[in-house]
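Quick notes on the structure that follows.
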Amino acid sequence: MSKYVITGGAGFIGSHIAEYLSKEGHLVTVLDSLRTGFEENLTGLNVDFVHGDIRDENLVNEVISGAEAIFHLAALVSVPESLLKIRECIEINTIGTINILEAAKNNAGCKVVLSTSAANYGNNPVLPKVETMSPEPMTPYAVTKLDGEYYLKMYLDQYDVPTASLRYFNVFGPRQNPESAYAAAVPIFISKALQNEPITIYGDGSQTRDFIYVKDVVRANILASQAGNETYNVALGHSTSVLELAEKIIKITNSKSQIKFLDERPGDIKHSRANPEKFNQLGFQPQYSIDQALEETILFYHQQLVSK
């Protein structure tokens, strides 16, 4: 049995990694401050939950001792919040990541897999996004995620700490919080559709995103813990417009929701699409189409609604 540590493991993506690893019979330790995660996301899983903060160096060292790999997802994850709390964003996302790397350095062979972001590409209109493009981070969130990538590379080169960074595009799936002030489009659209409430789109809905299902992101993390030591795009590699997304959700839910269009939000990126070839060459192949993934996700939110 191998020991794995998931920082931010009570959050949306982290809890899916915890579920997968615990079902595989591994020893799983989740370290989470519950700043945006929920302990109930781990209900029924055979995991050791530690309520704590990655800024606590001693705790991080204690938790990581003996681990084969660390899936590092703990972060200040909201872009708008990062603009309001720059110092806190740096403390959690940059200093916290250094704490993780230092602890890994003390555990020979312990690999660090960092969850990072397509936000690092900024507003560069060139598509698809490829890892060799110059980063153009526009917010403290993106700057600190990029910091993390550089620190992982530095610890690999200087101290032989095995590392890999995964740049997620638009991840969605069960357990994504639709009630957060900074919630993503998919859970909000599903929640509205299931209740036949209007679905709001900012702009004309022609903006596109490269959506990927959370269970495919889990598989990406497992692969990265076993192979590769660079920065990789994690995405399907094709775009879906926000309007098309809303229409798919309305159709699958058989909803009476109407789509309402509001003014475009300043700063919103118009189009996003990844070139996932580099990671695909390592052996990554997403298993879920958008439609399959939406159906599974809608079923989850429907069951939640019924059980309320």
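In the structure tokens, chains take letters A, B, ... by order of appearance, with residues numbered from 1 within each chain and ligands from 1 in the order shown.
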Who sits within 8 Å of Cys110 of chain A, only C-alpha atoms, same chain under 3 positions skipped, as a VMD selection string: chain A and resid 67 to 70 104 to 105 107 161 to 162
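If only C-alpha atoms are the atoms counted, then among A:Leu243, A:Val47, A:Leu305, A:Ile95 the closest residue to Ala185 of chain A is A:Leu243.
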Please identify all polymer residues within 7 Å of Ser33 of chain A, counting only C-alpha atoms, omitting same-chain residues fewer than 5 positions from it, and present them as a ChimeraX atom specification. /A:51-53
So that I can see what lies close to segment 126-133 of chain A, please list as JSON, numbers by chain the residues with an atom at most 12 Å from it, counting only C-alpha atoms and leaving out residues fewer than 6 positions away in the same chain. {"A": [117, 118, 119, 120, 146, 149, 165, 166, 167, 168, 169, 208, 209, 210, 230, 231, 232, 233, 234, 235, 236, 237, 238, 239, 269, 270, 271, 272, 273, 274, 275, 276, 277, 278, 279]}
Which residues are near segment 1-12 of chain A? Cut-off 7 Å, only C-alpha atoms, ignore same chain within fewer than 4 positions. Put them as a PyMOL selection string. chain A and resi 16+18+26-32+36-39+41-42+64+66-74+175-176
Would you save the residues of that selection, restricted to C-alpha atoms, as a PDB file, in the first residue's frame?
```pdb
ATOM      1  CA  HIS A  16     -12.440  13.053  -6.616  1.00  0.00           C
ATOM      2  CA  ALA A  18      -9.228  11.045  -2.834  1.00  0.00           C
ATOM      3  CA  HIS A  26      -4.141   3.193  -0.942  1.00  0.00           C
ATOM      4  CA  LEU A  27      -3.451   5.089   2.281  1.00  0.00           C
ATOM      5  CA  VAL A  28      -4.814   8.569   1.595  1.00  0.00           C
ATOM      6  CA  THR A  29      -4.247  11.632   3.759  1.00  0.00           C
ATOM      7  CA  VAL A  30      -6.225  14.774   2.977  1.00  0.00           C
ATOM      8  CA  LEU A  31      -4.894  18.094   4.269  1.00  0.00           C
ATOM      9  CA  ASP A  32      -7.471  20.863   3.944  1.00  0.00           C
ATOM     10  CA  THR A  36     -13.431  26.467   0.240  1.00  0.00           C
ATOM     11  CA  GLY A  37     -13.598  22.678   0.688  1.00  0.00           C
ATOM     12  CA  PHE A  38     -16.226  20.659   2.559  1.00  0.00           C
ATOM     13  CA  GLU A  39     -15.534  17.679   4.798  1.00  0.00           C
ATOM     14  CA  ASN A  41     -17.133  15.708   0.134  1.00  0.00           C
ATOM     15  CA  LEU A  42     -15.138  12.902   1.794  1.00  0.00           C
ATOM     16  CA  ILE A  64       3.850  14.339   4.102  1.00  0.00           C
ATOM     17  CA  GLY A  66       6.398   8.677   4.125  1.00  0.00           C
ATOM     18  CA  ALA A  67       4.285   9.770   1.154  1.00  0.00           C
ATOM     19  CA  GLU A  68       4.959   8.418  -2.322  1.00  0.00           C
ATOM     20  CA  ALA A  69       3.315  11.410  -4.020  1.00  0.00           C
ATOM     21  CA  ILE A  70       1.572  14.662  -3.153  1.00  0.00           C
ATOM     22  CA  PHE A  71      -1.322  15.974  -5.212  1.00  0.00           C
ATOM     23  CA  HIS A  72      -1.122  19.675  -4.450  1.00  0.00           C
ATOM     24  CA  LEU A  73      -4.489  21.364  -5.002  1.00  0.00           C
ATOM     25  CA  ALA A  74      -4.752  23.589  -1.902  1.00  0.00           C
ATOM     26  CA  ARG A 175     -19.323  18.385  -6.123  1.00  0.00           C
ATOM     27  CA  GLN A 176     -18.488  21.691  -7.810  1.00  0.00           C
TER      28      GLN A 176
END
```
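Across the model, the gap from atom CA of Val242 of chain A to atom CA of Arg265 of chain A is 13.6 Å.
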Which of segment 41-90 of chain A end up as helix (DSSP H, G or I) when DSSP is run on this backbone - answer as number ranges by chain? A: 41-42, 57-64, 79-84, 86-90
Could those selected residues go to a file with N, CA, C and O atoms, as a JSON list (two decimals), in the first residue's frame?
```
[["chain", "number", "residue", "atom", "x", "y", "z"],
["A", 41, "ASN", "N", -17.58, 16.25, 1.42],
["A", 41, "ASN", "CA", -17.13, 15.71, 0.13],
["A", 41, "ASN", "C", -16.36, 14.40, 0.29],
["A", 41, "ASN", "O", -16.16, 13.67, -0.68],
["A", 42, "LEU", "N", -15.92, 14.11, 1.52],
["A", 42, "LEU", "CA", -15.14, 12.90, 1.79],
["A", 42, "LEU", "C", -15.96, 11.83, 2.49],
["A", 42, "LEU", "O", -15.43, 10.78, 2.87],
["A", 57, "GLU", "N", 4.29, 25.02, 8.25],
["A", 57, "GLU", "CA", 5.42, 24.18, 7.80],
["A", 57, "GLU", "C", 5.54, 22.88, 8.56],
["A", 57, "GLU", "O", 5.76, 21.82, 7.98],
["A", 58, "ASN", "N", 5.45, 22.96, 9.90],
["A", 58, "ASN", "CA", 5.62, 21.76, 10.72],
["A", 58, "ASN", "C", 4.54, 20.73, 10.42],
["A", 58, "ASN", "O", 4.82, 19.53, 10.31],
["A", 59, "LEU", "N", 3.31, 21.20, 10.30],
["A", 59, "LEU", "CA", 2.20, 20.30, 9.99],
["A", 59, "LEU", "C", 2.41, 19.64, 8.62],
["A", 59, "LEU", "O", 2.21, 18.44, 8.46],
["A", 60, "VAL", "N", 2.80, 20.44, 7.64],
["A", 60, "VAL", "CA", 3.02, 19.93, 6.28],
["A", 60, "VAL", "C", 4.09, 18.83, 6.31],
["A", 60, "VAL", "O", 3.91, 17.76, 5.70],
["A", 61, "ASN", "N", 5.18, 19.06, 7.03],
["A", 61, "ASN", "CA", 6.25, 18.04, 7.14],
["A", 61, "ASN", "C", 5.74, 16.75, 7.77],
["A", 61, "ASN", "O", 6.06, 15.65, 7.32],
["A", 62, "GLU", "N", 4.94, 16.92, 8.80],
["A", 62, "GLU", "CA", 4.38, 15.77, 9.53],
["A", 62, "GLU", "C", 3.45, 14.94, 8.62],
["A", 62, "GLU", "O", 3.55, 13.72, 8.54],
["A", 63, "VAL", "N", 2.56, 15.65, 7.92],
["A", 63, "VAL", "CA", 1.56, 14.98, 7.08],
["A", 63, "VAL", "C", 2.21, 14.27, 5.90],
["A", 63, "VAL", "O", 1.78, 13.18, 5.50],
["A", 64, "ILE", "N", 3.25, 14.87, 5.33],
["A", 64, "ILE", "CA", 3.85, 14.34, 4.10],
["A", 64, "ILE", "C", 4.84, 13.21, 4.37],
["A", 64, "ILE", "O", 5.16, 12.43, 3.47],
["A", 79, "VAL", "N", -10.16, 33.95, -8.75],
["A", 79, "VAL", "CA", -9.45, 35.05, -9.41],
["A", 79, "VAL", "C", -9.87, 36.41, -8.84],
["A", 79, "VAL", "O", -9.01, 37.22, -8.46],
["A", 80, "PRO", "N", -11.19, 36.71, -8.71],
["A", 80, "PRO", "CA", -11.58, 38.01, -8.14],
["A", 80, "PRO", "C", -11.07, 38.19, -6.71],
["A", 80, "PRO", "O", -10.61, 39.27, -6.33],
["A", 81, "GLU", "N", -11.11, 37.12, -5.92],
["A", 81, "GLU", "CA", -10.64, 37.22, -4.53],
["A", 81, "GLU", "C", -9.14, 37.48, -4.49],
["A", 81, "GLU", "O", -8.64, 38.22, -3.62],
["A", 82, "SER", "N", -8.40, 36.89, -5.43],
["A", 82, "SER", "CA", -6.94, 37.09, -5.45],
["A", 82, "SER", "C", -6.59, 38.56, -5.68],
["A", 82, "SER", "O", -5.59, 39.06, -5.17],
["A", 83, "LEU", "N", -7.43, 39.26, -6.44],
["A", 83, "LEU", "CA", -7.20, 40.68, -6.69],
["A", 83, "LEU", "C", -7.45, 41.52, -5.44],
["A", 83, "LEU", "O", -6.85, 42.57, -5.25],
["A", 84, "LEU", "N", -8.34, 41.04, -4.59],
["A", 84, "LEU", "CA", -8.66, 41.76, -3.35],
["A", 84, "LEU", "C", -7.69, 41.42, -2.23],
["A", 84, "LEU", "O", -7.51, 42.20, -1.30],
["A", 86, "ILE", "N", -4.15, 40.15, -2.30],
["A", 86, "ILE", "CA", -2.91, 39.76, -2.98],
["A", 86, "ILE", "C", -1.93, 39.07, -2.02],
["A", 86, "ILE", "O", -1.37, 38.02, -2.32],
["A", 87, "ARG", "N", -1.73, 39.67, -0.86],
["A", 87, "ARG", "CA", -0.76, 39.13, 0.09],
["A", 87, "ARG", "C", -1.16, 37.70, 0.53],
["A", 87, "ARG", "O", -0.32, 36.79, 0.55],
["A", 88, "GLU", "N", -2.44, 37.53, 0.83],
["A", 88, "GLU", "CA", -2.91, 36.20, 1.24],
["A", 88, "GLU", "C", -2.77, 35.19, 0.10],
["A", 88, "GLU", "O", -2.41, 34.03, 0.31],
["A", 89, "CYS", "N", -3.02, 35.64, -1.11],
["A", 89, "CYS", "CA", -2.88, 34.78, -2.29],
["A", 89, "CYS", "C", -1.43, 34.30, -2.41],
["A", 89, "CYS", "O", -1.18, 33.11, -2.67],
["A", 90, "ILE", "N", -0.47, 35.20, -2.21],
["A", 90, "ILE", "CA", 0.95, 34.84, -2.29],
["A", 90, "ILE", "C", 1.32, 33.87, -1.15],
["A", 90, "ILE", "O", 2.02, 32.88, -1.36]]
```
Using only C-alpha atoms, which residues sit within 12 Å of Asp291 of chain A once same-chain residues fewer than 5 positions away are excluded, as an MDAnalysis selection string? chainID A and resid 173 211:213 240 244:249 251:253 296:298
I need the residues from that last selection saved to file as a PDB file, in the first residue's frame (with C-alpha atoms), if you can.
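After the write, result22.pdb holds the following:
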```pdb
ATOM      1  CA  GLY A 173     -18.359  17.676 -12.577  1.00  0.00           C
ATOM      2  CA  PHE A 211     -14.271  21.928 -20.873  1.00  0.00           C
ATOM      3  CA  ILE A 212     -12.946  18.712 -19.311  1.00  0.00           C
ATOM      4  CA  TYR A 213     -14.651  16.302 -16.910  1.00  0.00           C
ATOM      5  CA  THR A 240     -17.694  24.612 -26.675  1.00  0.00           C
ATOM      6  CA  GLU A 244     -24.065  25.790 -26.674  1.00  0.00           C
ATOM      7  CA  LEU A 245     -23.283  24.625 -23.124  1.00  0.00           C
ATOM      8  CA  ALA A 246     -26.474  26.240 -21.776  1.00  0.00           C
ATOM      9  CA  GLU A 247     -28.542  24.736 -24.594  1.00  0.00           C
ATOM     10  CA  LYS A 248     -27.100  21.242 -23.981  1.00  0.00           C
ATOM     11  CA  ILE A 249     -27.946  21.491 -20.262  1.00  0.00           C
ATOM     12  CA  LYS A 251     -31.997  19.818 -23.417  1.00  0.00           C
ATOM     13  CA  ILE A 252     -30.614  17.087 -21.117  1.00  0.00           C
ATOM     14  CA  THR A 253     -32.639  18.332 -18.125  1.00  0.00           C
ATOM     15  CA  GLU A 296     -23.383  12.293 -15.090  1.00  0.00           C
ATOM     16  CA  THR A 297     -23.018  15.734 -13.548  1.00  0.00           C
ATOM     17  CA  ILE A 298     -26.706  16.609 -13.981  1.00  0.00           C
TER      18      ILE A 298
END
```
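Residue nearest Ser257 of chain A within the list A:Gly96, A:Gly109, A:Gly122, A:Pro198: A:Pro198 [criterion: smallest interatomic distance, only C-alpha atoms].
Closest approach to Val214 of chain A from the set A:Leu152, A:Ala293, A:Ile201, A:Val113 is made by A:Ala293, with distances taken over only C-alpha atoms.
Relative to atom CA of Asp147 of chain A, atom CA of Glu102 of chain A is found at 15.1 Å.
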Non-local contacts of Lys145 of chain A (9 Å; only C-alpha atoms; under 4 positions in same chain excluded) as a PDB file with C-alpha atoms, in the first residue's frame:
```pdb
ATOM      1  CA  ALA A  75      -4.874  27.204  -3.053  1.00  0.00           C
ATOM      2  CA  ASN A  93      -0.325  29.761  -3.329  1.00  0.00           C
ATOM      3  CA  THR A  94       3.406  30.530  -3.430  1.00  0.00           C
ATOM      4  CA  LEU A 114       0.753  20.661  -8.888  1.00  0.00           C
ATOM      5  CA  SER A 115      -2.708  21.692 -10.049  1.00  0.00           C
ATOM      6  CA  THR A 116      -2.120  24.857 -12.020  1.00  0.00           C
ATOM      7  CA  SER A 117      -4.159  26.803 -14.548  1.00  0.00           C
ATOM      8  CA  ALA A 119      -5.100  31.389 -16.569  1.00  0.00           C
ATOM      9  CA  ASN A 120      -1.311  31.494 -16.966  1.00  0.00           C
ATOM     10  CA  PRO A 137      -0.635  36.073 -16.165  1.00  0.00           C
ATOM     11  CA  PRO A 140      -2.371  37.436  -8.551  1.00  0.00           C
ATOM     12  CA  TYR A 141      -4.003  33.993  -8.859  1.00  0.00           C
ATOM     13  CA  GLU A 149       5.307  25.875 -11.857  1.00  0.00           C
ATOM     14  CA  TYR A 150       8.693  27.608 -11.714  1.00  0.00           C
TER      15      TYR A 150
END
```
All strand (DSSP E or B) residues (DSSP, backbone) inside segment 94-211 of chain A, as a count of residues only: 24
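The space between atom CA of Lys256 of chain A and atom CA of Val171 of chain A spans 25.9 Å.
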Of A:Ile17, A:Ala220, A:Ile250, A:Ile259, the one sitting nearest Pro286 of chain A when using only C-alpha atoms is A:Ala220
Restricting the calculation to only C-alpha atoms: of A:Thr139, A:Ser78, A:Thr97, A:Ser22, which residue gets closest to Asp56 of chain A? A:Thr97
